[in-house]
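A short write-up of the structure that comes next.
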Amino acid sequence: MRFPISDSQPVTADAVSPVPRSSAPREAPPAVTAMVRLIRDTWAKSEPFIPEISQFFYGMLFTLAPATRDFFPINMEVQRGRLVRALVHIVQMVDRPDDLVPFLTQLGRDHRKFGVIPRHYEAVGTALLASLKNHLGPDWTPEVERAWAEAFTIVARAMQEAAAADVNPASWSATVLEHRRLTWDLALVRVQPEFPVPYQPGQYMSVEVPQRPRLWRYLSPANAPREDGGIEFHVRAVDGGWVSRAIVSHTQPGDVWRLGPPLGRLAVDRTDGRDVLMIAGGTGVAPLRAILDDLAQWGENPKVQLFYGGPSREDLYDLDELRALAATNPWLTVTPVVEHGDEAPGCVQGTLAEAVTQQGSWPGHRILVAGSPAMIRATVSRMLVAGSALDQIAYDPFTID
């Protein structure tokens with residue numbers, strides 16, 4: 001089984017899920033809709049067997065393209081079914097080009113950092129289809145195989161074309177200048193890239209640290225781009241987080257990190273006439289803080305209302321800095337929110353979703369949401385019920401470790 005795909009790079013390690021962006025997407029051709037229906041139906045039958053499918057997939061992939069083994073961590077238990085699930089999720093979205101194409105463009109550029117070659121795409125696709133066929137048995141018909149092959153080809157071609165067109169480096173080396181514990185499970189890390197990384201405020205990037213080689217974690221710069229190129233990250237150690245715990249506990253000045261290309265579409269257009277609602281949970285404040293850092297350089301800005309929340313007052317580690325920023329920038333209002341907080345004066349009590357929707361649907365606002373995947377799901381769902389339009393809301397759900 002061969003996939004007719006062009007030059008460039010592959011889907012590998014930690015792919016992430018694209019996000020709905022438009023309330024009125026282009027309608028997919030009937031043939032594409034039928035193809036995706038076949039894919040979703042067969043995946044529903046396969047999903048209970050993810051561990052077995054994943055094991056078969058990696059065995060087949062490393063046999064077809066042994067060099068791909070170097071793309072993944074030594075301990076493959078950490079990887080588990082991530083890649084297979086991510087691949088399937090992406091393939092299932094080929095009937096939503098308005099959402100998928102921008103995401104695949106960024107993903108294709110990001111995966112240049114692995115140093116892969118075109119035939120790796122073919123190996124990934126062949127291994128995926130072979131592992132599904134092995135577990136579906138008679139449900140794997142010629143029509144099903146054609147649907148999966150065509151969908152994967154669309155995905156792979158988009159990623160490769162984006163990678164081939166990118167003139168930036170595949171990755172950047174960055175030296176750790178400062179590592180400071182803000183709390184027992186939270187650290188501020190300041191790095192100096194060898195060359196400035198061309199990111200926009202609000203974007204994120206993948207990071208590899210020497211303590212966890214081949215395990216990439218997505219982090220958001222907490223500052224707008226600076227003349228010296230320095231980047232500040234806020235990292236919280238999450239339960240079971242191999243990379244985040246290594247960063248918080250073991251990073252030292254002098255460590256050399258690798259940074260992948262910038263990703264994400266959180267942004268504020270100062271010229272579009274819309275006020276801005278920002279909703280940040282925990283370290284999700286970092287990309288929004290970078291946007292605020294950028295806005296603070298201008299004399300006139302849209303009005304910005306930031307809801308910054310966490311389980312307790314102690315989780316709002318950046319609140320004092322944000323209040324200081326608001327004190328000198330009248331366009332910014334900061335509202336702290338705590339879930340458990342009778343003892344937290346000046347804070348709204350409840351979840352972020354509750355606090356924000358108590359003030360209505362925020363018509364005419366650009367809405368940016370950043371935080372854990374669970375927080376994003378809960379907040380966006382509650383806002384849609386409250387009457388906010390989907391095309392008002394922007395968020396980037398990336399893996400947190």
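Labels used: A, B, ... for chains in the order of the structure tokens, numbers from 1 for residues in each chain, and numbers from 1 for ligands as shown.
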
- Could you give me, as a ChimeraX atom specification, each residue of region 136-308 of chain A that DSSP assigns to helix (DSSP H, G or I) when run on this structure's backbone? /A:136-139,142-165,242-250,282-295

Against region 315-338 of chain A, which residues of region 258-293 of chain A fall within 9 Å? For each one I want the closest pair of atoms and the distance in Å (one decimal), counting only C-alpha atoms, rows by chain and increasing residue number, as a tab-separated table.
```
residue	atom	partner	partner_atom	distance
A:Gly281	CA	A:Leu316	CA	8.6
A:Gly282	CA	A:Asp315	CA	6.4
A:Thr283	CA	A:Tyr317	CA	8.6
A:Val285	CA	A:Asp318	CA	8.1
A:Arg289	CA	A:Leu322	CA	8.1
A:Leu292	CA	A:Leu325	CA	8.6
A:Asp293	CA	A:Leu325	CA	8.7
```

For the residues in the current selection, export C-alpha atoms as a CSV table (one decimal), in the first residue's frame.
```csv
chain,number,residue,atom,x,y,z
A,281,GLY,CA,-6.7,29.3,34.1
A,282,GLY,CA,-3.5,28.7,36.0
A,283,THR,CA,-0.4,28.9,33.7
A,285,VAL,CA,-2.2,33.2,31.8
A,289,ARG,CA,0.2,37.9,29.5
A,292,LEU,CA,-0.9,42.2,27.3
A,293,ASP,CA,2.9,42.8,27.3
```

Excluding region 63-74 of chain A and any residue of its chain fewer than 6 positions from it, enumerate the residues within 10 Å of it, using only C-alpha atoms, and give them as a JSON list (two decimals) with N, CA and C atoms, in the first residue's frame.
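Result file follows (result-v5.json):
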```json
[["chain", "number", "residue", "atom", "x", "y", "z"],
["A", 10, "PRO", "N", 6.91, 14.40, 8.37],
["A", 10, "PRO", "CA", 5.83, 13.51, 8.78],
["A", 10, "PRO", "C", 5.05, 13.91, 10.01],
["A", 12, "THR", "N", 4.54, 12.93, 13.58],
["A", 12, "THR", "CA", 5.28, 12.12, 14.54],
["A", 12, "THR", "C", 4.78, 12.40, 15.93],
["A", 13, "ALA", "N", 5.67, 12.35, 16.88],
["A", 13, "ALA", "CA", 5.38, 12.31, 18.31],
["A", 13, "ALA", "C", 4.09, 12.93, 18.78],
["A", 14, "ASP", "N", 4.10, 14.14, 19.34],
["A", 14, "ASP", "CA", 2.91, 14.66, 20.04],
["A", 14, "ASP", "C", 2.04, 15.54, 19.16],
["A", 57, "PHE", "N", 1.05, -0.85, 15.57],
["A", 57, "PHE", "CA", 1.45, 0.30, 14.76],
["A", 57, "PHE", "C", 2.94, 0.60, 14.91],
["A", 113, "LYS", "N", 11.42, 19.64, 12.95],
["A", 113, "LYS", "CA", 12.44, 19.54, 14.00],
["A", 113, "LYS", "C", 12.95, 18.11, 14.17],
["A", 114, "PHE", "N", 12.20, 17.10, 13.68],
["A", 114, "PHE", "CA", 12.64, 15.72, 13.84],
["A", 114, "PHE", "C", 13.66, 15.30, 12.80],
["A", 115, "GLY", "N", 13.87, 16.12, 11.77],
["A", 115, "GLY", "CA", 14.84, 15.77, 10.76],
["A", 115, "GLY", "C", 14.40, 14.60, 9.90],
["A", 116, "VAL", "N", 13.14, 14.53, 9.59],
["A", 116, "VAL", "CA", 12.61, 13.39, 8.85],
["A", 116, "VAL", "C", 12.66, 13.62, 7.35],
["A", 117, "ILE", "N", 12.39, 12.57, 6.59],
["A", 117, "ILE", "CA", 12.41, 12.63, 5.14],
["A", 117, "ILE", "C", 11.06, 12.12, 4.61],
["A", 119, "ARG", "N", 9.79, 9.68, 2.88],
["A", 119, "ARG", "CA", 9.29, 8.30, 2.96],
["A", 119, "ARG", "C", 8.77, 7.94, 4.35],
["A", 120, "HIS", "N", 9.10, 8.75, 5.37],
["A", 120, "HIS", "CA", 8.56, 8.47, 6.70],
["A", 120, "HIS", "C", 7.05, 8.67, 6.73],
["A", 121, "TYR", "N", 6.54, 9.61, 5.94],
["A", 121, "TYR", "CA", 5.08, 9.78, 5.87],
["A", 121, "TYR", "C", 4.43, 8.50, 5.36],
["A", 122, "GLU", "N", 5.01, 7.95, 4.33],
["A", 122, "GLU", "CA", 4.44, 6.73, 3.77],
["A", 122, "GLU", "C", 4.48, 5.60, 4.80],
["A", 123, "ALA", "N", 5.56, 5.51, 5.56],
["A", 123, "ALA", "CA", 5.67, 4.47, 6.58],
["A", 123, "ALA", "C", 4.61, 4.66, 7.66],
["A", 124, "VAL", "N", 4.38, 5.90, 8.09],
["A", 124, "VAL", "CA", 3.37, 6.17, 9.11],
["A", 124, "VAL", "C", 1.99, 5.76, 8.60],
["A", 126, "THR", "N", 1.18, 3.66, 6.15],
["A", 126, "THR", "CA", 1.10, 2.21, 5.95],
["A", 126, "THR", "C", 0.93, 1.49, 7.28],
["A", 127, "ALA", "N", 1.69, 1.92, 8.31],
["A", 127, "ALA", "CA", 1.59, 1.28, 9.62],
["A", 127, "ALA", "C", 0.23, 1.51, 10.25],
["A", 212, "ARG", "N", 14.87, 15.18, 29.58],
["A", 212, "ARG", "CA", 13.87, 14.29, 28.96],
["A", 212, "ARG", "C", 14.00, 14.34, 27.44],
["A", 213, "PRO", "N", 15.09, 13.78, 26.90],
["A", 213, "PRO", "CA", 15.28, 13.82, 25.45],
["A", 213, "PRO", "C", 14.15, 13.11, 24.71],
["A", 214, "ARG", "N", 13.75, 13.71, 23.57],
["A", 214, "ARG", "CA", 12.73, 13.20, 22.66],
["A", 214, "ARG", "C", 11.30, 13.31, 23.20],
["A", 215, "LEU", "N", 11.16, 13.88, 24.39],
["A", 215, "LEU", "CA", 9.82, 14.15, 24.91],
["A", 215, "LEU", "C", 9.57, 15.65, 24.80],
["A", 216, "TRP", "N", 8.73, 16.03, 23.87],
["A", 216, "TRP", "CA", 8.47, 17.44, 23.63],
["A", 216, "TRP", "C", 7.23, 17.88, 24.37]]
```

- Item | Residue nearest Val101 (chain A) among A:Met159, A:Ala246, A:Trp148, A:Pro138 (counting only C-alpha atoms) |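 Distance minimum relative to Val101 (chain A) lands on A:Met159.
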
Using only C-alpha atoms, which residues sit within 8 Å of Val155 (chain A) once same-chain residues fewer than 4 positions away are excluded, as a tab-separated table (two decimals) with C-alpha atoms, in the first residue's frame?
```
chain	number	residue	atom	x	y	z
A	90	ILE	CA	-6.81	14.60	12.34
A	91	VAL	CA	-7.86	12.19	9.59
A	94	VAL	CA	-10.66	16.22	6.40
A	104	LEU	CA	-1.86	21.11	9.43
A	151	ALA	CA	-7.78	10.90	3.99
A	159	MET	CA	1.82	19.00	6.15
```

- Task: Would you list, as a ChimeraX atom specification, the residues of region 58-255 of chain A that end up in strand (DSSP E or B) under DSSP run on this structure's backbone?
- Result: /A:172-183,186-193,204-208,217-219,221,231-236

Preceding selection exported with N, CA and C atoms as a compact mmCIF listing (two decimals), in the first residue's frame:
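Output (part-v6.txt):
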```txt
# COMPACT_ATOMS: atom_id res chain seq x y z
N TRP A 172 15.36 25.80 17.29
CA TRP A 172 16.32 26.76 17.82
C TRP A 172 16.91 26.21 19.11
N SER A 173 18.19 26.41 19.32
CA SER A 173 18.81 26.12 20.61
C SER A 173 18.66 27.34 21.51
N ALA A 174 18.38 27.09 22.79
CA ALA A 174 18.20 28.18 23.74
C ALA A 174 18.85 27.80 25.07
N THR A 175 19.60 28.71 25.64
CA THR A 175 20.30 28.46 26.90
C THR A 175 19.48 29.00 28.06
N VAL A 176 19.33 28.21 29.10
CA VAL A 176 18.60 28.65 30.29
C VAL A 176 19.46 29.65 31.05
N LEU A 177 18.90 30.85 31.25
CA LEU A 177 19.59 31.89 32.01
C LEU A 177 19.12 31.95 33.46
N GLU A 178 17.85 31.60 33.68
CA GLU A 178 17.29 31.71 35.04
C GLU A 178 16.26 30.61 35.24
N HIS A 179 16.29 30.00 36.42
CA HIS A 179 15.26 29.05 36.85
C HIS A 179 14.89 29.42 38.28
N ARG A 180 13.62 29.82 38.44
CA ARG A 180 13.20 30.30 39.76
C ARG A 180 11.89 29.62 40.15
N ARG A 181 11.88 28.99 41.33
CA ARG A 181 10.66 28.37 41.83
C ARG A 181 9.74 29.45 42.38
N LEU A 182 8.54 29.54 41.83
CA LEU A 182 7.55 30.47 42.32
C LEU A 182 6.72 29.85 43.44
N THR A 183 6.44 28.56 43.31
CA THR A 183 5.80 27.75 44.35
C THR A 183 6.45 26.39 44.29
N LEU A 186 5.71 25.11 40.73
CA LEU A 186 5.67 26.08 39.64
C LEU A 186 7.02 26.78 39.53
N ALA A 187 7.51 26.90 38.29
CA ALA A 187 8.80 27.55 38.08
C ALA A 187 8.72 28.55 36.93
N LEU A 188 9.47 29.61 37.07
CA LEU A 188 9.70 30.56 35.99
C LEU A 188 11.05 30.24 35.38
N VAL A 189 11.08 30.07 34.07
CA VAL A 189 12.32 29.76 33.37
C VAL A 189 12.54 30.79 32.28
N ARG A 190 13.71 31.41 32.29
CA ARG A 190 14.06 32.39 31.26
C ARG A 190 15.18 31.82 30.40
N VAL A 191 14.95 31.82 29.07
CA VAL A 191 15.94 31.26 28.16
C VAL A 191 16.36 32.30 27.14
N GLN A 192 17.56 32.09 26.59
CA GLN A 192 18.09 32.97 25.55
C GLN A 192 18.38 32.14 24.30
N PRO A 193 17.53 32.23 23.27
CA PRO A 193 17.79 31.48 22.03
C PRO A 193 19.04 31.99 21.33
N TYR A 204 2.44 29.49 21.04
CA TYR A 204 3.17 28.54 21.87
C TYR A 204 4.16 27.80 21.01
N MET A 205 5.03 27.02 21.62
CA MET A 205 6.03 26.27 20.88
C MET A 205 6.38 25.00 21.63
N SER A 206 6.87 24.01 20.91
CA SER A 206 7.29 22.77 21.55
C SER A 206 8.70 22.94 22.09
N VAL A 207 8.96 22.27 23.22
CA VAL A 207 10.23 22.41 23.92
C VAL A 207 10.77 21.02 24.27
N GLU A 208 12.06 20.81 24.03
CA GLU A 208 12.74 19.59 24.47
C GLU A 208 13.84 19.99 25.44
N ARG A 217 7.31 19.05 25.00
CA ARG A 217 6.16 19.61 25.70
C ARG A 217 5.87 20.99 25.14
N TYR A 218 4.59 21.34 25.00
CA TYR A 218 4.21 22.66 24.50
C TYR A 218 4.20 23.68 25.63
N LEU A 219 4.90 24.80 25.42
CA LEU A 219 4.94 25.89 26.38
C LEU A 219 4.64 27.21 25.67
N PRO A 221 5.31 31.29 25.60
CA PRO A 221 6.06 32.43 26.13
C PRO A 221 5.13 33.35 26.91
N ILE A 231 13.12 34.76 26.18
CA ILE A 231 11.78 34.21 26.34
C ILE A 231 11.61 33.73 27.77
N GLU A 232 10.45 34.05 28.36
CA GLU A 232 10.12 33.61 29.72
C GLU A 232 8.99 32.59 29.66
N PHE A 233 9.17 31.47 30.32
CA PHE A 233 8.15 30.44 30.40
C PHE A 233 7.71 30.25 31.84
N HIS A 234 6.42 29.93 32.04
CA HIS A 234 5.89 29.56 33.35
C HIS A 234 5.47 28.10 33.27
N VAL A 235 6.04 27.25 34.10
CA VAL A 235 5.82 25.81 33.99
C VAL A 235 5.34 25.25 35.31
N ARG A 236 4.19 24.59 35.28
CA ARG A 236 3.68 23.92 36.47
C ARG A 236 3.87 22.41 36.32
```

- Message: Between CA of Ser131 (chain A) and CA of Ile53 (chain A), what is the distance in Å, rounded to a tenth?
- Response: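 Answer for the CA of Ser131 (chain A) to CA of Ile53 (chain A) separation: 5.5 Å.
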
- Task: Skip Ala386 (chain A) itself and residues of its chain fewer than 6 positions away, then list as a PyMOL selection string all residues within 7 Å of it, counting only C-alpha atoms.
- Result: chain A and resi 357+360-361

- Item | Pick from A:His340, A:Arg377, A:Arg313, A:Arg85, whichever lies nearest to Leu128 (chain A) using only C-alpha atoms | A:Arg85

- Message: as number ranges by chain, please: the residues near Pro30 (chain A) (cut-off 12 Å, only C-alpha atoms, same-chain neighbours under 6 positions excluded).
- Response: A: 36-37, 95

With N, CA, C and O atoms retained, export the selected residues as a PDB file, in the first residue's frame.
```
ATOM      1  N   VAL A  36     -15.381  10.378   5.223  1.00  0.00           N
ATOM      2  CA  VAL A  36     -15.199  10.593   6.654  1.00  0.00           C
ATOM      3  C   VAL A  36     -16.179   9.755   7.459  1.00  0.00           C
ATOM      4  O   VAL A  36     -15.844   9.248   8.538  1.00  0.00           O
ATOM      5  N   ARG A  37     -17.395   9.551   6.938  1.00  0.00           N
ATOM      6  CA  ARG A  37     -18.370   8.715   7.645  1.00  0.00           C
ATOM      7  C   ARG A  37     -17.850   7.279   7.765  1.00  0.00           C
ATOM      8  O   ARG A  37     -17.963   6.647   8.822  1.00  0.00           O
ATOM      9  N   ASP A  95     -13.056  16.662   6.326  1.00  0.00           N
ATOM     10  CA  ASP A  95     -14.251  17.314   5.779  1.00  0.00           C
ATOM     11  C   ASP A  95     -14.440  18.718   6.350  1.00  0.00           C
ATOM     12  O   ASP A  95     -15.458  19.353   6.095  1.00  0.00           O
TER      13      ASP A  95
END
```
